[in-house]
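Notes for the one structure printed next.
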Amino acid sequence: GASECQLCLVGTFSNDTGLAGCYECSPGTAAPKGAESCGECVKGRYSDGTLAACTACGVGYDTRGNASSLLADCRRICTKGTYGEFGLSSSTASPCAFCAPGSEAPGNYTESCSECLSGTFSRGRGLDAEC
């Protein structure tokens with residue numbers, strides 16, 4: 001019997017004519033059925049390479065950059081009074097570090113706390129860490 005051309009499955013792609021199969025997407029990318037390429041996951045999304053679309057991190061979580069491949073790449077966003085590398089917690093489960101007394105982190109995604117200026121103070125520990 002005659003063979004028919006098939007669409008590439010989810011998580012695979014074909015970028016040329018006359019191919020006998022499709023290529024698998026790499027971790028940190030995704031492709032819907034029939035794709036000609038895999039799309040890189042943007043910051044805040046992840047995929048192990050087998051998905052049609054990258055999955056969003058939960059509310060209050062983000063990734064350090066593009067092309068994240070695991071849910072574990074989603075880290076807590078450091079909020080007012082806390083800080084962390086890239087403005088994120090060190091792991092999905094761990095909280096961001098609190099600012100020390102005498103310093104503040106006024107917004108989200110803070111990488112380090114700032115010393116209080118002359119004439120101001122801060123008690124530290126989360127939301128109280130405002131000069």
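For the structure tokens, the naming scheme is as follows: chains receive sequential letters (A, B, ...) according to their order of presentation, residues are indexed from 1 within each chain, and ligands are indexed from 1 in presentation order.
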
task: Mind checking which residues fall within 6 Å of Gly11 (chain A), counting only C-alpha atoms, ignoring those fewer than 5 positions away in the same chain, and posting them as a count of residues only?
output: 7

- request: Find the residues near region 102-113 of chain A: any atom within 9 Å, counting only C-alpha atoms, skip ones fewer than 6 places away on the same chain, and give them as a list in words.
  value: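 Near neighbours after the sequence-gap exclusion: Ile77, Cys78, Thr79, Lys80, Gly81, Thr82, Tyr83, Gly84, Glu85, Phe86, Gly87, Leu88, Thr120, Phe121, Ser122, Arg123, Gly124, Gly126, Asp128, Ala129, Glu130 and Cys131 of chain A.
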
Need to verify the contact set: Ala20 (chain A), 10 Å, only C-alpha atoms, exclusion of same-chain residues closer than 6 positions in sequence. Can you return it as a compact mmCIF listing (two decimals) with C-alpha atoms, in the first residue's frame?
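Written output follows (part_12.txt):
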# COMPACT_ATOMS: atom_id res chain seq x y z
CA CYS A 5 3.10 11.60 5.33
CA GLN A 6 2.30 11.99 9.02
CA SER A 14 10.66 18.21 11.17

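Within chain A, the backbone-based DSSP assignment of strand (DSSP E or B) covers Thr12, Phe13, Tyr23, Glu24, Thr29, Ala30, Gly39, Glu40, Arg45, Tyr46, Thr55, Ala56, Tyr61, Asp62, Ser68, Arg75, Arg76, Ile77, Thr82, Tyr83, Leu88, Ala97, Phe98, Ser103, Glu104, Ser114 and Glu115 of chain A.
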
task: Select, from A:Thr63, A:Ser3, A:Ser47, A:Thr17, the residue with the minimum atom-to-atom distance to Ser89 (chain A), counting only C-alpha atoms.
output: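 When distances to Ser89 (chain A) are compared using only C-alpha atoms, the smallest one comes from A:Thr63.
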
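Put simply, CA of Ala97 (chain A) is 11.0 Å away from CA of Arg76 (chain A).
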
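Separating CA of Asp73 (chain A) from CA of Phe98 (chain A) is a distance of 21.4 Å.
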
- request: Show which residues sit within 7 Å of Ala35 (chain A), as a PyMOL selection string. Count only C-alpha atoms, and ignore same-chain residues fewer than 2 positions away.
  value: chain A and resi 8+13-14+31-33+37
